[in-house]
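Note sheet for the following structure.
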Amino acid sequence: LLIDGEPRDRVPGRDRGLHYGDGLFETLAVEDGRPCLWGRHMARLAEGCRRLGIPVPDTAGLAAEAEREIGGAARGVLKILVTRGRGGRGYAPPREPRPMRLMELSPGPGHPPSWRTRGVRVRRCGMRLSRNPALAGIKHLNRLEQVLARAEWTDPDIAEGLMLDTGDQVIEGTMTNLFLVDGEGIHTPDLSRCGVAGTMRALVMEAAREQGIPVSERPLCWSELERARGLFLTNAVIGIWPVRELDGRALDPQVVPGPLIDAVRERGFIP
Ligand SMILES: Cc1ncc(COP(=O)(O)O)c(C=O)c1O
């Protein structure tokens, strides 16, 4: 663990990230000793900082700290966390925040490799995401909805749970973004009211457009999922997981367009 660039394993007790979730984080895959999709993660972090009014950390400084935390490790998962730091009175933020930076390298999550090739089993969660456009898209530290959703199941063979928002729209998985595949192309939920705008989601959409595969970003309801030819999930650590079963209903895991899988691999990401 590196805190503000120093090897330490204790977070200051007055940090606003701890008290209020007043901060942001990024979770990156590390391959061949390098963090993948660095620019995309840094762009989302900077956007989050701007929206919350936290000074944007110097990217070159973060890169140097990331390199130090990765050390000689070839693979793993790097978590970068930035909070508003200490201070202020109650919720009122300090006038001149001094953000705290935390880096942690950990081994990969160890999901079965077959989940990528043969697909995953997925369920519908009861916990809803609340709508708040001011917080939509960014990866802020308030993740209680995901924590409660993930606590809904213990079966290790269920890889992910899908979440709807308080307005009955399907938004994403607890830790992944969702794509629906039909005869027209690929569709992913609109994230203007809630959800995290994933780096892998953006990469997949970009690759699809380059390949001439039609992409739409729009509101999706649960009945469309029930009629879908196929579904797949994305995040920066897993890459792409096809869905082979949704709440007991079998789906075709071979629906992920091949060029998308190739594109994810080609862009320095070897899931
Ligand atoms: C709630 C949520 N949505 C979506 C994602 C996917 O984001 P990314 O592709 O940047 O990993 C994550 C990643 O952890 C997440 O926690």
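Chain labels run A, B, ... following the order of the structure tokens; each chain numbers its residues from 1, and ligands are numbered from 1 in the order shown.
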Need the shell around Glu47 in chain A: protein/DNA/RNA residues with any atom at most 12 Å away, counting only C-alpha atoms. Skip same-chain ones fewer than 3 positions apart. Format as a PyMOL selection string? chain A and resi 24-25+40-44+50-57+134-140+197
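Selection of all polymer residues within 6 Å of ligand 1 on the basis of only C-alpha atoms and all ligand atoms gives Thr174, Met175, Thr176, Asn177, Gly195, Val196, Gly198, Thr199, Met200, Arg201, Thr234, Asn235 and Ala236 of chain A.
Nearest to Leu2 in chain A of all the residues A:Gly21, A:Gly71, A:Gly85, A:Gly161 is A:Gly71, based on only C-alpha atoms.
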Write out as JSON lines a residue-level contact list of range 133-169 of chain A versus range 218-224 of chain A with cut-off 10 Å: for each qualifying residue the closest pair of atoms and the distance in Å to one decimal, counting only C-alpha atoms, rows sorted by chain and residue number upward.
```
{"residue": "A:Leu162", "atom": "CA", "partner": "A:Trp222", "partner_atom": "CA", "distance": 9.9}
{"residue": "A:Met163", "atom": "CA", "partner": "A:Trp222", "partner_atom": "CA", "distance": 9.9}
{"residue": "A:Leu164", "atom": "CA", "partner": "A:Trp222", "partner_atom": "CA", "distance": 8.2}
{"residue": "A:Gly167", "atom": "CA", "partner": "A:Cys221", "partner_atom": "CA", "distance": 9.9}
{"residue": "A:Asp168", "atom": "CA", "partner": "A:Cys221", "partner_atom": "CA", "distance": 6.9}
{"residue": "A:Gln169", "atom": "CA", "partner": "A:Cys221", "partner_atom": "CA", "distance": 5.0}
```
Take the residues from that selection and write them out as a JSON list (two decimals), in the first residue's frame, keeping C-alpha atoms.
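Written output follows (result_25.json):
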```json
[["chain", "number", "residue", "atom", "x", "y", "z"],
["A", 162, "LEU", "CA", -27.92, -7.05, -12.57],
["A", 163, "MET", "CA", -29.33, -3.89, -11.06],
["A", 164, "LEU", "CA", -32.29, -1.70, -12.02],
["A", 167, "GLY", "CA", -37.32, 4.17, -12.20],
["A", 168, "ASP", "CA", -37.35, 0.49, -13.37],
["A", 169, "GLN", "CA", -34.57, 0.88, -15.96]]
```
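By only C-alpha atoms, and with residues fewer than 3 positions from Glu226 in chain A along its chain excluded, the set lying at most 12 Å from it is A:Arg123, A:Arg124, A:Val170, A:Leu180, A:Val181, A:Asp182, A:Leu220, A:Cys221, A:Trp222, A:Ser223, A:Arg229, A:Gly230, A:Leu231, A:Glu245, A:Leu246, A:Asp247, A:Gly248, A:Arg249, A:Ala250, A:Leu251.
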If you run DSSP on this backbone, which residues of range 21-176 of chain A come out as strand (DSSP E), and could you give them as a PyMOL selection string? chain A and resi 23-31+34-35+76-83+100-106+120-124+158-164+170-173
Pick out the residues sitting within 8 Å of Leu105 in chain A, and hand them over as a PDB file with N, CA and C atoms, in the first residue's frame; count only C-alpha atoms, and ignore anything fewer than 3 positions along from it in its own chain.
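result_36.pdb, freshly written:
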```pdb
ATOM      1  N   LEU A   1       0.848  -1.200   0.000  1.00  0.00           N
ATOM      2  CA  LEU A   1       0.000   0.000   0.000  1.00  0.00           C
ATOM      3  C   LEU A   1       0.883   1.250   0.000  1.00  0.00           C
ATOM      4  N   GLU A  69       4.266   1.033  -6.923  1.00  0.00           N
ATOM      5  CA  GLU A  69       3.415   0.057  -6.232  1.00  0.00           C
ATOM      6  C   GLU A  69       3.390  -1.285  -6.993  1.00  0.00           C
ATOM      7  N   ILE A  70       3.430  -1.212  -8.332  1.00  0.00           N
ATOM      8  CA  ILE A  70       3.430  -2.457  -9.123  1.00  0.00           C
ATOM      9  C   ILE A  70       4.752  -3.193  -8.926  1.00  0.00           C
ATOM     10  N   GLY A  76      -1.821  -8.389 -12.014  1.00  0.00           N
ATOM     11  CA  GLY A  76      -2.535  -8.094 -10.782  1.00  0.00           C
ATOM     12  C   GLY A  76      -3.597  -7.053 -11.035  1.00  0.00           C
ATOM     13  N   VAL A  77      -4.082  -6.497  -9.946  1.00  0.00           N
ATOM     14  CA  VAL A  77      -5.107  -5.456 -10.031  1.00  0.00           C
ATOM     15  C   VAL A  77      -4.624  -4.273  -9.195  1.00  0.00           C
ATOM     16  N   LEU A  78      -4.630  -3.094  -9.799  1.00  0.00           N
ATOM     17  CA  LEU A  78      -4.176  -1.893  -9.105  1.00  0.00           C
ATOM     18  C   LEU A  78      -5.376  -1.018  -8.780  1.00  0.00           C
ATOM     19  N   LYS A  79      -5.510  -0.711  -7.499  1.00  0.00           N
ATOM     20  CA  LYS A  79      -6.594   0.191  -7.094  1.00  0.00           C
ATOM     21  C   LYS A  79      -5.979   1.548  -6.771  1.00  0.00           C
TER      22      LYS A  79
END
```
If DSSP is run on the backbone, what residues of range 29-178 of chain A are helix (DSSP H, G or I)? A reply as a tab-separated table (two decimals) with N, CA and C atoms, in the first residue's frame would be ideal.
```tsv
chain	number	residue	atom	x	y	z
A	38	TRP	N	-4.70	3.01	-19.05
A	38	TRP	CA	-4.30	4.08	-18.13
A	38	TRP	C	-5.00	5.41	-18.47
A	39	GLY	N	-4.95	5.79	-19.74
A	39	GLY	CA	-5.51	7.09	-20.13
A	39	GLY	C	-7.00	7.18	-19.84
A	40	ARG	N	-7.72	6.10	-20.09
A	40	ARG	CA	-9.17	6.11	-19.85
A	40	ARG	C	-9.47	6.22	-18.35
A	41	HIS	N	-8.70	5.47	-17.55
A	41	HIS	CA	-8.91	5.54	-16.09
A	41	HIS	C	-8.59	6.94	-15.57
A	42	MET	N	-7.51	7.53	-16.08
A	42	MET	CA	-7.13	8.87	-15.61
A	42	MET	C	-8.17	9.91	-16.03
A	43	ALA	N	-8.74	9.73	-17.22
A	43	ALA	CA	-9.75	10.68	-17.70
A	43	ALA	C	-11.01	10.61	-16.81
A	44	ARG	N	-11.43	9.39	-16.46
A	44	ARG	CA	-12.63	9.28	-15.60
A	44	ARG	C	-12.35	9.84	-14.20
A	45	LEU	N	-11.14	9.57	-13.69
A	45	LEU	CA	-10.77	10.09	-12.37
A	45	LEU	C	-10.79	11.63	-12.38
A	46	ALA	N	-10.24	12.21	-13.44
A	46	ALA	CA	-10.19	13.68	-13.54
A	46	ALA	C	-11.60	14.25	-13.64
A	47	GLU	N	-12.45	13.61	-14.42
A	47	GLU	CA	-13.84	14.06	-14.55
A	47	GLU	C	-14.56	13.98	-13.19
A	48	GLY	N	-14.30	12.89	-12.46
A	48	GLY	CA	-14.90	12.74	-11.13
A	48	GLY	C	-14.43	13.84	-10.20
A	49	CYS	N	-13.13	14.14	-10.23
A	49	CYS	CA	-12.57	15.20	-9.38
A	49	CYS	C	-13.22	16.54	-9.72
A	50	ARG	N	-13.36	16.81	-11.01
A	50	ARG	CA	-13.96	18.09	-11.42
A	50	ARG	C	-15.39	18.18	-10.89
A	51	ARG	N	-16.14	17.09	-11.04
A	51	ARG	CA	-17.54	17.15	-10.60
A	51	ARG	C	-17.67	17.31	-9.10
A	52	LEU	N	-16.75	16.70	-8.35
A	52	LEU	CA	-16.85	16.79	-6.88
A	52	LEU	C	-16.10	17.99	-6.33
A	59	THR	N	-1.23	13.61	-13.12
A	59	THR	CA	-1.23	12.26	-13.70
A	59	THR	C	0.17	11.65	-13.72
A	60	ALA	N	1.18	12.47	-14.03
A	60	ALA	CA	2.55	11.93	-14.07
A	60	ALA	C	2.96	11.44	-12.68
A	61	GLY	N	2.55	12.18	-11.66
A	61	GLY	CA	2.85	11.76	-10.28
A	61	GLY	C	2.16	10.45	-9.95
A	62	LEU	N	0.91	10.32	-10.37
A	62	LEU	CA	0.17	9.07	-10.11
A	62	LEU	C	0.83	7.91	-10.86
A	63	ALA	N	1.29	8.20	-12.09
A	63	ALA	CA	1.92	7.14	-12.90
A	63	ALA	C	3.18	6.64	-12.20
A	64	ALA	N	3.96	7.57	-11.64
A	64	ALA	CA	5.20	7.18	-10.96
A	64	ALA	C	4.87	6.35	-9.72
A	65	GLU	N	3.82	6.76	-9.00
A	65	GLU	CA	3.44	5.99	-7.81
A	65	GLU	C	2.89	4.62	-8.19
A	66	ALA	N	2.14	4.57	-9.29
A	66	ALA	CA	1.60	3.29	-9.75
A	66	ALA	C	2.75	2.33	-10.10
A	67	GLU	N	3.76	2.87	-10.78
A	67	GLU	CA	4.90	2.04	-11.17
A	67	GLU	C	5.61	1.48	-9.93
A	68	ARG	N	5.73	2.36	-8.94
A	68	ARG	CA	6.38	1.94	-7.71
A	68	ARG	C	5.57	0.86	-6.99
A	69	GLU	N	4.27	1.03	-6.92
A	69	GLU	CA	3.42	0.06	-6.23
A	69	GLU	C	3.39	-1.28	-6.99
A	70	ILE	N	3.43	-1.21	-8.33
A	70	ILE	CA	3.43	-2.46	-9.12
A	70	ILE	C	4.75	-3.19	-8.93
A	114	SER	N	-13.01	-20.16	-17.60
A	114	SER	CA	-14.14	-20.58	-18.46
A	114	SER	C	-15.24	-19.51	-18.50
A	115	TRP	N	-15.27	-18.63	-17.52
A	115	TRP	CA	-16.30	-17.59	-17.52
A	115	TRP	C	-16.14	-16.70	-18.75
A	116	ARG	N	-14.90	-16.54	-19.21
A	116	ARG	CA	-14.66	-15.70	-20.37
A	116	ARG	C	-15.05	-16.42	-21.66
A	117	THR	N	-14.80	-17.70	-21.70
A	117	THR	CA	-15.04	-18.44	-22.93
A	117	THR	C	-16.45	-19.03	-22.99
A	144	LEU	N	-22.57	1.73	-1.41
A	144	LEU	CA	-23.43	0.90	-0.54
A	144	LEU	C	-24.47	0.12	-1.33
A	145	GLU	N	-24.95	0.70	-2.43
A	145	GLU	CA	-25.96	-0.02	-3.22
A	145	GLU	C	-25.35	-1.30	-3.78
A	146	GLN	N	-24.10	-1.20	-4.25
A	146	GLN	CA	-23.43	-2.40	-4.79
A	146	GLN	C	-23.14	-3.41	-3.67
A	147	VAL	N	-22.74	-2.90	-2.50
A	147	VAL	CA	-22.44	-3.80	-1.39
A	147	VAL	C	-23.69	-4.58	-1.00
A	148	LEU	N	-24.83	-3.89	-0.90
A	148	LEU	CA	-26.07	-4.57	-0.51
A	148	LEU	C	-26.56	-5.51	-1.62
A	149	ALA	N	-26.38	-5.11	-2.86
A	149	ALA	CA	-26.79	-5.98	-3.98
A	149	ALA	C	-25.93	-7.25	-3.99
A	150	ARG	N	-24.64	-7.07	-3.77
A	150	ARG	CA	-23.74	-8.24	-3.81
A	150	ARG	C	-23.98	-9.19	-2.64
```
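Between Thr27 in chain A and the candidates A:Ile238, A:Glu152, A:Ala263, A:Pro7, the tightest atom-to-atom separation, counting only C-alpha atoms, involves A:Ile238.
If you measure from each of A:Arg118, A:Arg227, A:Arg193, A:Arg101 to Val11 in chain A using only C-alpha atoms, the closest one turns out to be A:Arg101.
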Give me the residues within 6 Å of Phe179 in chain A as a PyMOL selection string, counting only C-alpha atoms and dropping any in the same chain fewer than 2 places off. chain A and resi 187-188+231-232
Could you dump the residues just selected with N, CA, C and O atoms as a PDB file, in the first residue's frame?
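Below you can see result22.pdb, which holds the result:
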```pdb
ATOM      1  N   HIS A 187     -26.502  -2.924 -27.636  1.00  0.00           N
ATOM      2  CA  HIS A 187     -27.195  -1.850 -26.921  1.00  0.00           C
ATOM      3  C   HIS A 187     -26.728  -1.854 -25.472  1.00  0.00           C
ATOM      4  O   HIS A 187     -26.609  -2.917 -24.865  1.00  0.00           O
ATOM      5  N   THR A 188     -26.470  -0.682 -24.930  1.00  0.00           N
ATOM      6  CA  THR A 188     -26.038  -0.598 -23.534  1.00  0.00           C
ATOM      7  C   THR A 188     -26.850   0.493 -22.835  1.00  0.00           C
ATOM      8  O   THR A 188     -27.214   1.494 -23.470  1.00  0.00           O
ATOM      9  N   LEU A 231     -26.461 -11.483 -24.050  1.00  0.00           N
ATOM     10  CA  LEU A 231     -26.010 -10.387 -23.193  1.00  0.00           C
ATOM     11  C   LEU A 231     -24.529 -10.584 -22.932  1.00  0.00           C
ATOM     12  O   LEU A 231     -24.040 -11.713 -22.922  1.00  0.00           O
ATOM     13  N   PHE A 232     -23.824  -9.496 -22.714  1.00  0.00           N
ATOM     14  CA  PHE A 232     -22.464  -9.640 -22.183  1.00  0.00           C
ATOM     15  C   PHE A 232     -22.148  -8.511 -21.227  1.00  0.00           C
ATOM     16  O   PHE A 232     -22.816  -7.472 -21.213  1.00  0.00           O
TER      17      PHE A 232
END
```
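Of note, CA of Pro189 in chain A and CA of Val204 in chain A are spaced 13.6 Å apart.
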Expressed in Å to a single decimal, how great is the separation between CA of Cys125 in chain A and CA of Asp157 in chain A? 15.4 Å
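We find CA of His111 in chain A and CA of Asn142 in chain A to be spaced 24.9 Å apart.
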